[in-house]
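Structure below is query.cif: mmCIF, N, CA and C atoms.
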```cif
data_my_file
#
loop_
_atom_site.label_atom_id
_atom_site.label_comp_id
_atom_site.auth_asym_id
_atom_site.auth_seq_id
_atom_site.Cartn_x
_atom_site.Cartn_y
_atom_site.Cartn_z
N MET A 1 41.29 -71.00 -82.74
CA MET A 1 41.58 -72.22 -82.01
C MET A 1 41.21 -72.00 -80.54
N SER A 2 40.41 -72.90 -80.01
CA SER A 2 40.04 -72.78 -78.60
C SER A 2 41.07 -73.50 -77.73
N THR A 3 41.21 -73.04 -76.52
CA THR A 3 42.17 -73.60 -75.58
C THR A 3 41.52 -74.72 -74.78
N ILE A 4 42.21 -75.85 -74.66
CA ILE A 4 41.75 -76.97 -73.85
C ILE A 4 42.17 -76.69 -72.41
N ARG A 5 41.20 -76.58 -71.53
CA ARG A 5 41.45 -76.28 -70.11
C ARG A 5 41.54 -77.59 -69.34
N ILE A 6 42.61 -77.75 -68.55
CA ILE A 6 42.96 -79.04 -67.94
C ILE A 6 43.18 -78.88 -66.44
N ILE A 7 42.75 -79.90 -65.69
CA ILE A 7 43.16 -80.06 -64.29
C ILE A 7 44.00 -81.33 -64.22
N CYS A 8 45.15 -81.25 -63.58
CA CYS A 8 46.05 -82.39 -63.43
C CYS A 8 46.00 -82.86 -61.97
N VAL A 9 45.67 -84.14 -61.77
CA VAL A 9 45.51 -84.68 -60.41
C VAL A 9 46.47 -85.85 -60.21
N ASP A 10 47.40 -85.68 -59.29
CA ASP A 10 48.34 -86.74 -58.92
C ASP A 10 48.91 -86.40 -57.56
N ASP A 11 49.13 -87.40 -56.72
CA ASP A 11 49.65 -87.13 -55.39
C ASP A 11 51.15 -86.84 -55.39
N HIS A 12 51.81 -87.05 -56.51
CA HIS A 12 53.24 -86.76 -56.60
C HIS A 12 53.44 -85.38 -57.22
N ARG A 13 53.90 -84.45 -56.39
CA ARG A 13 54.04 -83.05 -56.83
C ARG A 13 54.95 -82.92 -58.04
N LEU A 14 56.05 -83.65 -58.05
CA LEU A 14 57.00 -83.57 -59.15
C LEU A 14 56.35 -83.98 -60.47
N LEU A 15 55.55 -85.03 -60.43
CA LEU A 15 54.86 -85.48 -61.63
C LEU A 15 53.84 -84.43 -62.09
N ARG A 16 53.05 -83.89 -61.15
CA ARG A 16 52.08 -82.84 -61.51
C ARG A 16 52.77 -81.67 -62.19
N GLU A 17 53.87 -81.22 -61.59
CA GLU A 17 54.59 -80.07 -62.13
C GLU A 17 55.19 -80.38 -63.50
N GLY A 18 55.71 -81.59 -63.66
CA GLY A 18 56.29 -81.98 -64.95
C GLY A 18 55.24 -82.05 -66.04
N ILE A 19 54.11 -82.67 -65.75
CA ILE A 19 53.03 -82.75 -66.73
C ILE A 19 52.53 -81.35 -67.07
N THR A 20 52.38 -80.52 -66.05
CA THR A 20 51.91 -79.15 -66.28
C THR A 20 52.86 -78.41 -67.21
N ARG A 21 54.15 -78.50 -66.97
CA ARG A 21 55.12 -77.82 -67.83
C ARG A 21 55.06 -78.33 -69.26
N LYS A 22 54.94 -79.63 -69.43
CA LYS A 22 54.84 -80.20 -70.78
C LYS A 22 53.60 -79.70 -71.49
N LEU A 23 52.47 -79.74 -70.80
CA LEU A 23 51.22 -79.34 -71.43
C LEU A 23 51.19 -77.85 -71.74
N GLU A 24 51.78 -77.05 -70.87
CA GLU A 24 51.79 -75.59 -71.07
C GLU A 24 52.59 -75.20 -72.32
N ARG A 25 53.42 -76.10 -72.81
CA ARG A 25 54.17 -75.83 -74.05
C ARG A 25 53.29 -75.98 -75.29
N GLN A 26 52.15 -76.60 -75.12
CA GLN A 26 51.21 -76.75 -76.24
C GLN A 26 50.41 -75.46 -76.39
N PRO A 27 50.34 -74.89 -77.59
CA PRO A 27 49.66 -73.61 -77.75
C PRO A 27 48.16 -73.65 -77.49
N ASP A 28 47.57 -74.83 -77.55
CA ASP A 28 46.12 -74.92 -77.37
C ASP A 28 45.72 -75.56 -76.04
N MET A 29 46.66 -75.63 -75.08
CA MET A 29 46.38 -76.25 -73.79
C MET A 29 46.76 -75.33 -72.64
N LYS A 30 45.93 -75.34 -71.59
CA LYS A 30 46.18 -74.54 -70.39
C LYS A 30 45.80 -75.36 -69.17
N VAL A 31 46.76 -75.61 -68.28
CA VAL A 31 46.47 -76.27 -67.02
C VAL A 31 45.93 -75.20 -66.08
N VAL A 32 44.64 -75.30 -65.77
CA VAL A 32 43.99 -74.26 -64.95
C VAL A 32 44.22 -74.48 -63.46
N ASP A 33 44.55 -75.72 -63.07
CA ASP A 33 44.84 -76.00 -61.66
C ASP A 33 45.38 -77.41 -61.53
N THR A 34 45.93 -77.71 -60.35
CA THR A 34 46.42 -79.05 -60.05
C THR A 34 45.92 -79.47 -58.67
N ALA A 35 45.84 -80.77 -58.46
CA ALA A 35 45.38 -81.31 -57.18
C ALA A 35 46.23 -82.52 -56.81
N GLY A 36 46.32 -82.77 -55.50
CA GLY A 36 47.09 -83.90 -55.00
C GLY A 36 46.24 -85.01 -54.42
N THR A 37 44.91 -84.79 -54.35
CA THR A 37 44.01 -85.81 -53.80
C THR A 37 42.72 -85.85 -54.62
N GLY A 38 42.00 -86.93 -54.47
CA GLY A 38 40.70 -87.04 -55.13
C GLY A 38 39.72 -85.98 -54.66
N GLN A 39 39.72 -85.69 -53.37
CA GLN A 39 38.80 -84.68 -52.83
C GLN A 39 39.11 -83.31 -53.41
N GLU A 40 40.39 -82.97 -53.52
CA GLU A 40 40.77 -81.69 -54.14
C GLU A 40 40.32 -81.65 -55.59
N ALA A 41 40.43 -82.78 -56.29
CA ALA A 41 40.03 -82.85 -57.69
C ALA A 41 38.55 -82.51 -57.86
N ILE A 42 37.72 -83.04 -56.98
CA ILE A 42 36.28 -82.77 -57.05
C ILE A 42 36.02 -81.28 -56.84
N SER A 43 36.66 -80.71 -55.85
CA SER A 43 36.49 -79.29 -55.55
C SER A 43 36.94 -78.42 -56.73
N LEU A 44 38.09 -78.75 -57.30
CA LEU A 44 38.60 -77.97 -58.43
C LEU A 44 37.75 -78.15 -59.68
N TYR A 45 37.20 -79.36 -59.85
CA TYR A 45 36.31 -79.57 -60.99
C TYR A 45 35.08 -78.66 -60.88
N ARG A 46 34.53 -78.59 -59.70
CA ARG A 46 33.36 -77.73 -59.47
C ARG A 46 33.71 -76.26 -59.76
N ARG A 47 34.88 -75.84 -59.35
CA ARG A 47 35.28 -74.44 -59.51
C ARG A 47 35.57 -74.09 -60.97
N HIS A 48 36.30 -74.97 -61.67
CA HIS A 48 36.80 -74.63 -63.01
C HIS A 48 36.01 -75.22 -64.17
N ARG A 49 35.31 -76.33 -63.96
CA ARG A 49 34.64 -77.04 -65.05
C ARG A 49 35.56 -77.16 -66.26
N PRO A 50 36.69 -77.86 -66.09
CA PRO A 50 37.68 -77.96 -67.18
C PRO A 50 37.17 -78.82 -68.33
N ASP A 51 37.87 -78.73 -69.44
CA ASP A 51 37.54 -79.58 -70.59
C ASP A 51 38.00 -81.01 -70.35
N ILE A 52 39.13 -81.16 -69.63
CA ILE A 52 39.72 -82.47 -69.37
C ILE A 52 40.31 -82.50 -67.96
N VAL A 53 40.15 -83.65 -67.31
CA VAL A 53 40.83 -83.91 -66.04
C VAL A 53 41.81 -85.05 -66.28
N LEU A 54 43.07 -84.84 -65.94
CA LEU A 54 44.05 -85.93 -65.91
C LEU A 54 44.04 -86.46 -64.50
N MET A 55 43.72 -87.75 -64.32
CA MET A 55 43.50 -88.29 -62.97
C MET A 55 44.37 -89.50 -62.70
N ASP A 56 45.14 -89.43 -61.63
CA ASP A 56 45.87 -90.59 -61.13
C ASP A 56 44.87 -91.48 -60.41
N LEU A 57 45.09 -92.78 -60.43
CA LEU A 57 44.18 -93.70 -59.74
C LEU A 57 44.54 -93.89 -58.27
N HIS A 58 45.83 -94.05 -57.99
CA HIS A 58 46.27 -94.46 -56.67
C HIS A 58 46.80 -93.26 -55.90
N MET A 59 45.98 -92.73 -54.99
CA MET A 59 46.37 -91.59 -54.17
C MET A 59 45.92 -91.85 -52.74
N PRO A 60 46.59 -91.27 -51.76
CA PRO A 60 46.14 -91.44 -50.38
C PRO A 60 44.78 -90.79 -50.18
N GLY A 61 44.04 -91.30 -49.23
CA GLY A 61 42.68 -90.77 -49.01
C GLY A 61 41.78 -91.22 -50.14
N MET A 62 41.03 -90.29 -50.67
CA MET A 62 40.13 -90.62 -51.78
C MET A 62 40.95 -90.83 -53.06
N GLY A 63 40.87 -92.02 -53.61
CA GLY A 63 41.60 -92.33 -54.84
C GLY A 63 40.89 -91.82 -56.08
N GLY A 64 41.53 -92.04 -57.21
CA GLY A 64 41.03 -91.55 -58.47
C GLY A 64 39.68 -92.10 -58.89
N LEU A 65 39.44 -93.40 -58.67
CA LEU A 65 38.15 -93.98 -59.09
C LEU A 65 36.98 -93.34 -58.36
N HIS A 66 37.13 -93.14 -57.05
CA HIS A 66 36.05 -92.51 -56.30
C HIS A 66 35.85 -91.06 -56.72
N ALA A 67 36.95 -90.38 -57.02
CA ALA A 67 36.84 -88.99 -57.49
C ALA A 67 36.14 -88.94 -58.85
N ILE A 68 36.47 -89.89 -59.73
CA ILE A 68 35.81 -89.94 -61.04
C ILE A 68 34.32 -90.16 -60.86
N GLU A 69 33.96 -91.10 -60.00
CA GLU A 69 32.53 -91.36 -59.76
C GLU A 69 31.82 -90.11 -59.25
N ALA A 70 32.45 -89.38 -58.32
CA ALA A 70 31.83 -88.18 -57.77
C ALA A 70 31.70 -87.09 -58.84
N ILE A 71 32.72 -86.93 -59.65
CA ILE A 71 32.66 -85.93 -60.71
C ILE A 71 31.59 -86.30 -61.72
N ARG A 72 31.53 -87.58 -62.08
CA ARG A 72 30.54 -88.02 -63.07
C ARG A 72 29.11 -87.98 -62.49
N ASP A 73 28.97 -88.09 -61.18
CA ASP A 73 27.65 -87.91 -60.56
C ASP A 73 27.12 -86.51 -60.82
N GLU A 74 28.02 -85.53 -60.81
CA GLU A 74 27.64 -84.14 -61.03
C GLU A 74 27.62 -83.75 -62.50
N ASP A 75 28.47 -84.38 -63.29
CA ASP A 75 28.59 -84.03 -64.71
C ASP A 75 28.91 -85.30 -65.49
N ALA A 76 27.88 -85.93 -66.00
CA ALA A 76 28.05 -87.20 -66.71
C ALA A 76 28.90 -87.05 -67.96
N ALA A 77 29.03 -85.84 -68.47
CA ALA A 77 29.80 -85.60 -69.69
C ALA A 77 31.26 -85.24 -69.40
N ALA A 78 31.68 -85.27 -68.14
CA ALA A 78 33.06 -84.92 -67.80
C ALA A 78 34.03 -85.80 -68.57
N LYS A 79 35.05 -85.19 -69.11
CA LYS A 79 36.07 -85.91 -69.87
C LYS A 79 37.29 -86.10 -68.98
N ILE A 80 37.62 -87.36 -68.74
CA ILE A 80 38.68 -87.70 -67.80
C ILE A 80 39.65 -88.67 -68.45
N ILE A 81 40.93 -88.34 -68.36
CA ILE A 81 41.98 -89.24 -68.82
C ILE A 81 42.66 -89.77 -67.56
N VAL A 82 42.69 -91.09 -67.44
CA VAL A 82 43.29 -91.70 -66.26
C VAL A 82 44.76 -91.98 -66.52
N LEU A 83 45.59 -91.44 -65.65
CA LEU A 83 47.02 -91.71 -65.68
C LEU A 83 47.32 -92.71 -64.59
N ASN A 84 48.00 -93.78 -64.95
CA ASN A 84 48.34 -94.80 -63.96
C ASN A 84 49.77 -95.20 -64.19
N ASN A 85 50.67 -94.62 -63.44
CA ASN A 85 52.09 -94.85 -63.63
C ASN A 85 52.51 -96.25 -63.25
N GLY A 86 51.80 -96.88 -62.31
CA GLY A 86 52.24 -98.17 -61.81
C GLY A 86 51.65 -99.36 -62.53
N GLY A 87 50.64 -99.16 -63.35
CA GLY A 87 50.00 -100.28 -64.01
C GLY A 87 49.13 -101.07 -63.05
N ILE A 88 48.60 -102.16 -63.50
CA ILE A 88 47.75 -103.01 -62.68
C ILE A 88 48.65 -103.98 -61.92
N GLY A 89 48.39 -104.12 -60.66
CA GLY A 89 49.18 -105.03 -59.85
C GLY A 89 48.75 -104.94 -58.41
N PRO A 90 49.49 -105.60 -57.53
CA PRO A 90 49.14 -105.56 -56.11
C PRO A 90 49.07 -104.13 -55.59
N GLY A 91 48.03 -103.84 -54.86
CA GLY A 91 47.88 -102.52 -54.28
C GLY A 91 47.20 -101.51 -55.19
N MET A 92 47.03 -101.85 -56.45
CA MET A 92 46.37 -100.93 -57.38
C MET A 92 44.89 -101.28 -57.45
N PRO A 93 44.04 -100.28 -57.51
CA PRO A 93 42.61 -100.57 -57.58
C PRO A 93 42.25 -101.20 -58.92
N GLU A 94 41.28 -102.10 -58.88
CA GLU A 94 40.77 -102.66 -60.12
C GLU A 94 39.83 -101.65 -60.75
N ILE A 95 39.84 -101.62 -62.05
CA ILE A 95 38.96 -100.71 -62.76
C ILE A 95 37.69 -101.47 -63.10
N PRO A 96 36.60 -101.13 -62.46
CA PRO A 96 35.36 -101.88 -62.69
C PRO A 96 34.76 -101.58 -64.05
N GLU A 97 34.03 -102.53 -64.57
CA GLU A 97 33.27 -102.27 -65.78
C GLU A 97 32.04 -101.52 -65.33
N ASN A 98 32.10 -100.24 -65.41
CA ASN A 98 31.06 -99.37 -64.91
C ASN A 98 30.76 -98.33 -65.97
N PRO A 99 29.58 -98.39 -66.60
CA PRO A 99 29.30 -97.44 -67.67
C PRO A 99 29.36 -95.99 -67.21
N MET A 100 29.17 -95.73 -65.92
CA MET A 100 29.24 -94.36 -65.43
C MET A 100 30.65 -93.79 -65.60
N LEU A 101 31.65 -94.65 -65.47
CA LEU A 101 33.02 -94.18 -65.61
C LEU A 101 33.37 -93.90 -67.07
N ASN A 102 32.64 -94.52 -68.00
CA ASN A 102 32.82 -94.27 -69.42
C ASN A 102 34.29 -94.38 -69.83
N MET A 103 34.95 -95.43 -69.38
CA MET A 103 36.35 -95.60 -69.71
C MET A 103 36.47 -96.22 -71.10
N ARG A 104 37.03 -95.46 -72.01
CA ARG A 104 37.31 -95.97 -73.34
C ARG A 104 38.78 -96.36 -73.38
N PRO A 105 39.18 -97.21 -74.32
CA PRO A 105 40.58 -97.66 -74.35
C PRO A 105 41.58 -96.51 -74.38
N ASN A 106 41.28 -95.40 -75.07
CA ASN A 106 42.28 -94.34 -75.15
C ASN A 106 42.23 -93.38 -73.97
N THR A 107 41.39 -93.65 -72.97
CA THR A 107 41.38 -92.77 -71.82
C THR A 107 42.05 -93.38 -70.60
N LEU A 108 42.59 -94.58 -70.75
CA LEU A 108 43.29 -95.23 -69.65
C LEU A 108 44.73 -95.44 -70.09
N ILE A 109 45.64 -94.72 -69.48
CA ILE A 109 47.02 -94.70 -69.94
C ILE A 109 47.90 -95.32 -68.88
N TYR A 110 48.57 -96.41 -69.23
CA TYR A 110 49.49 -97.05 -68.29
C TYR A 110 50.91 -96.61 -68.61
N GLY A 111 51.68 -96.37 -67.60
CA GLY A 111 53.06 -95.98 -67.77
C GLY A 111 53.24 -94.48 -67.93
N ALA A 112 52.14 -93.73 -67.95
CA ALA A 112 52.17 -92.26 -68.03
C ALA A 112 53.08 -91.77 -69.15
N ARG A 113 53.01 -92.42 -70.30
CA ARG A 113 53.82 -92.00 -71.45
C ARG A 113 53.24 -90.73 -72.06
N TYR A 114 54.09 -89.75 -72.28
CA TYR A 114 53.64 -88.46 -72.80
C TYR A 114 52.98 -88.60 -74.17
N ASP A 115 53.56 -89.41 -75.06
CA ASP A 115 52.99 -89.55 -76.40
C ASP A 115 51.59 -90.17 -76.33
N LYS A 116 51.39 -91.13 -75.44
CA LYS A 116 50.06 -91.74 -75.29
C LYS A 116 49.07 -90.75 -74.69
N MET A 117 49.55 -89.92 -73.77
CA MET A 117 48.67 -88.91 -73.18
C MET A 117 48.22 -87.93 -74.26
N MET A 118 49.12 -87.51 -75.11
CA MET A 118 48.77 -86.56 -76.16
C MET A 118 47.81 -87.20 -77.17
N GLU A 119 47.99 -88.49 -77.47
CA GLU A 119 47.04 -89.20 -78.33
C GLU A 119 45.65 -89.19 -77.71
N ALA A 120 45.58 -89.40 -76.41
CA ALA A 120 44.29 -89.43 -75.73
C ALA A 120 43.60 -88.08 -75.78
N PHE A 121 44.35 -87.00 -75.75
CA PHE A 121 43.74 -85.68 -75.88
C PHE A 121 42.98 -85.57 -77.19
N GLY A 122 43.50 -86.20 -78.23
CA GLY A 122 42.82 -86.18 -79.50
C GLY A 122 41.46 -86.84 -79.44
N GLY A 123 41.27 -87.82 -78.58
CA GLY A 123 40.00 -88.50 -78.46
C GLY A 123 39.10 -87.95 -77.37
N VAL A 124 39.62 -87.05 -76.54
CA VAL A 124 38.86 -86.57 -75.40
C VAL A 124 38.81 -85.04 -75.39
N GLY A 125 39.30 -84.42 -76.43
CA GLY A 125 39.42 -82.96 -76.44
C GLY A 125 38.09 -82.23 -76.41
N VAL A 126 38.16 -80.95 -76.53
CA VAL A 126 37.01 -80.07 -76.35
C VAL A 126 35.84 -80.46 -77.22
N ASN A 127 36.08 -80.81 -78.47
CA ASN A 127 34.99 -81.08 -79.40
C ASN A 127 34.65 -82.56 -79.53
N ALA A 128 35.30 -83.41 -78.76
CA ALA A 128 35.04 -84.84 -78.84
C ALA A 128 33.72 -85.20 -78.17
N THR A 129 33.13 -86.28 -78.62
CA THR A 129 31.92 -86.77 -77.97
C THR A 129 32.29 -87.92 -77.07
N THR A 130 31.48 -88.14 -76.03
CA THR A 130 31.78 -89.25 -75.12
C THR A 130 31.04 -90.48 -75.56
#
```
Would you kindly transcribe this structure into structure tokens?
Amino acid sequence: MSTIRIICVDDHRLLREGITRKLERQPDMKVVDTAGTGQEAISLYRRHRPDIVLMDLHMPGMGGLHAIEAIRDEDAAAKIIVLNNGGIGPGMPEIPENPMLNMRPNTLIYGARYDKMMEAFGGVGVNATT
């Protein structure tokens, strides 16, 4: 069994740490690093080339959508699961219909539900196709 290598990106430290602890309990998952900004996410992606990036959309500075675009500019096959705790509403960025982002229904998770996140891993895991 191969290990799924993950980067978790969210500006809320408590959420990052909680997700990391949950994922680390899975025998086939390893959080290789965490980031609090979109810019950090890009840097860590370059360093680690993870199997999956968990990305928050709404962060100070560079948000998740811009970070996704930058990562996909360098690696069109990057597998990214978007976590959006607040849902769509005032102050939240709109998700454009952009084929570069390759957003499939199971890669956009509203409410940051753990069971939905784990379902998405099944569709975005190491051996999945984009």
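Of note, atom N of Arg13 in chain A and atom N of Met59 in chain A are spaced 11.5 Å apart.
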Practice problem: Calculate how many Å separate CA of Ile4 in chain A from CA of Gly61 in chain A, rounding to one decimal. | Solution: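 So the answer is 28.4 Å.
Interatomic distance, CA of Asp56 in chain A to CA of Ile71 in chain A: 14.0 Å.
Every residue that the PyMOL selection byres ((chain A and resi 24-36) around 7) selects in this file is listed here: Met1, Ser2, Thr3, Ile4, Arg5, Ile6, Ile7, Cys8, Val9, Asp10, Asp11, His12, Arg13, Arg16, Ile19, Thr20, Arg21, Lys22, Leu23, Thr37, Gly38, Gln39, Glu40, Ala41, Met59 and Pro60 of chain A.
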Exercise. Assign secondary structure with DSSP using the backbone only, and return the residues of range 27-89 of chain A in strand (DSSP E or B) as a VMD selection string.
Key: chain A and resid 29 to 35 52 to 56 80 to 84
Write the selection just made, keeping N, CA and C atoms, as a PDB file, keeping the file's coordinate frame?
```pdb
ATOM      1  N   MET A  29      46.660 -75.630 -75.080  1.00  0.00           N
ATOM      2  CA  MET A  29      46.380 -76.250 -73.790  1.00  0.00           C
ATOM      3  C   MET A  29      46.760 -75.330 -72.640  1.00  0.00           C
ATOM      4  N   LYS A  30      45.930 -75.340 -71.590  1.00  0.00           N
ATOM      5  CA  LYS A  30      46.180 -74.540 -70.390  1.00  0.00           C
ATOM      6  C   LYS A  30      45.800 -75.360 -69.170  1.00  0.00           C
ATOM      7  N   VAL A  31      46.760 -75.610 -68.280  1.00  0.00           N
ATOM      8  CA  VAL A  31      46.470 -76.270 -67.020  1.00  0.00           C
ATOM      9  C   VAL A  31      45.930 -75.200 -66.080  1.00  0.00           C
ATOM     10  N   VAL A  32      44.640 -75.300 -65.770  1.00  0.00           N
ATOM     11  CA  VAL A  32      43.990 -74.260 -64.950  1.00  0.00           C
ATOM     12  C   VAL A  32      44.220 -74.480 -63.460  1.00  0.00           C
ATOM     13  N   ASP A  33      44.550 -75.720 -63.070  1.00  0.00           N
ATOM     14  CA  ASP A  33      44.840 -76.000 -61.660  1.00  0.00           C
ATOM     15  C   ASP A  33      45.380 -77.410 -61.530  1.00  0.00           C
ATOM     16  N   THR A  34      45.930 -77.710 -60.350  1.00  0.00           N
ATOM     17  CA  THR A  34      46.420 -79.050 -60.050  1.00  0.00           C
ATOM     18  C   THR A  34      45.920 -79.470 -58.670  1.00  0.00           C
ATOM     19  N   ALA A  35      45.840 -80.770 -58.460  1.00  0.00           N
ATOM     20  CA  ALA A  35      45.380 -81.310 -57.180  1.00  0.00           C
ATOM     21  C   ALA A  35      46.230 -82.520 -56.810  1.00  0.00           C
ATOM     22  N   ILE A  52      39.130 -81.160 -69.630  1.00  0.00           N
ATOM     23  CA  ILE A  52      39.720 -82.470 -69.370  1.00  0.00           C
ATOM     24  C   ILE A  52      40.310 -82.500 -67.960  1.00  0.00           C
ATOM     25  N   VAL A  53      40.150 -83.650 -67.310  1.00  0.00           N
ATOM     26  CA  VAL A  53      40.830 -83.910 -66.040  1.00  0.00           C
ATOM     27  C   VAL A  53      41.810 -85.050 -66.280  1.00  0.00           C
ATOM     28  N   LEU A  54      43.070 -84.840 -65.940  1.00  0.00           N
ATOM     29  CA  LEU A  54      44.050 -85.930 -65.910  1.00  0.00           C
ATOM     30  C   LEU A  54      44.040 -86.460 -64.500  1.00  0.00           C
ATOM     31  N   MET A  55      43.720 -87.750 -64.320  1.00  0.00           N
ATOM     32  CA  MET A  55      43.500 -88.290 -62.970  1.00  0.00           C
ATOM     33  C   MET A  55      44.370 -89.500 -62.700  1.00  0.00           C
ATOM     34  N   ASP A  56      45.140 -89.430 -61.630  1.00  0.00           N
ATOM     35  CA  ASP A  56      45.870 -90.590 -61.130  1.00  0.00           C
ATOM     36  C   ASP A  56      44.870 -91.480 -60.410  1.00  0.00           C
ATOM     37  N   ILE A  80      37.620 -87.360 -68.740  1.00  0.00           N
ATOM     38  CA  ILE A  80      38.680 -87.700 -67.800  1.00  0.00           C
ATOM     39  C   ILE A  80      39.650 -88.670 -68.450  1.00  0.00           C
ATOM     40  N   ILE A  81      40.930 -88.340 -68.360  1.00  0.00           N
ATOM     41  CA  ILE A  81      41.980 -89.240 -68.820  1.00  0.00           C
ATOM     42  C   ILE A  81      42.660 -89.770 -67.560  1.00  0.00           C
ATOM     43  N   VAL A  82      42.690 -91.090 -67.440  1.00  0.00           N
ATOM     44  CA  VAL A  82      43.290 -91.700 -66.260  1.00  0.00           C
ATOM     45  C   VAL A  82      44.760 -91.980 -66.520  1.00  0.00           C
ATOM     46  N   LEU A  83      45.590 -91.440 -65.650  1.00  0.00           N
ATOM     47  CA  LEU A  83      47.020 -91.710 -65.680  1.00  0.00           C
ATOM     48  C   LEU A  83      47.320 -92.710 -64.590  1.00  0.00           C
ATOM     49  N   ASN A  84      48.000 -93.780 -64.950  1.00  0.00           N
ATOM     50  CA  ASN A  84      48.340 -94.800 -63.960  1.00  0.00           C
ATOM     51  C   ASN A  84      49.770 -95.200 -64.190  1.00  0.00           C
TER      52      ASN A  84
END
```
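Here the question is which of A:Ile68, A:Leu14, A:Ala78, A:Met62 gets nearest to His48 in chain A using only C-alpha atoms, and that residue is A:Ala78.
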Per-axis box centre and lengths in Å around range 55-72 of chain A, 5 Å margin per side, axis-aligned, as lines of an AutoDock Vina configuration file:
```
center_x = 38.0
center_y = -90.2
center_z = -56.7
size_x = 27.7
size_y = 18.5
size_z = 25.3
```
Quiz item: Counting only C-alpha atoms, what is within 6 Å of Ile52 in chain A, bar same-chain residues fewer than 2 positions away, as number ranges by chain?
Solution: A: 6, 50, 79-80
Quiz item: Between A:Val82, A:Ala77, A:Ile42, A:Leu15, which has the minimum distance to Met55 in chain A (counting all atoms listed in the file)?
Solution: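 Comparing A:Val82, A:Ala77, A:Ile42, A:Leu15 against Met55 in chain A, the winner is A:Val82.
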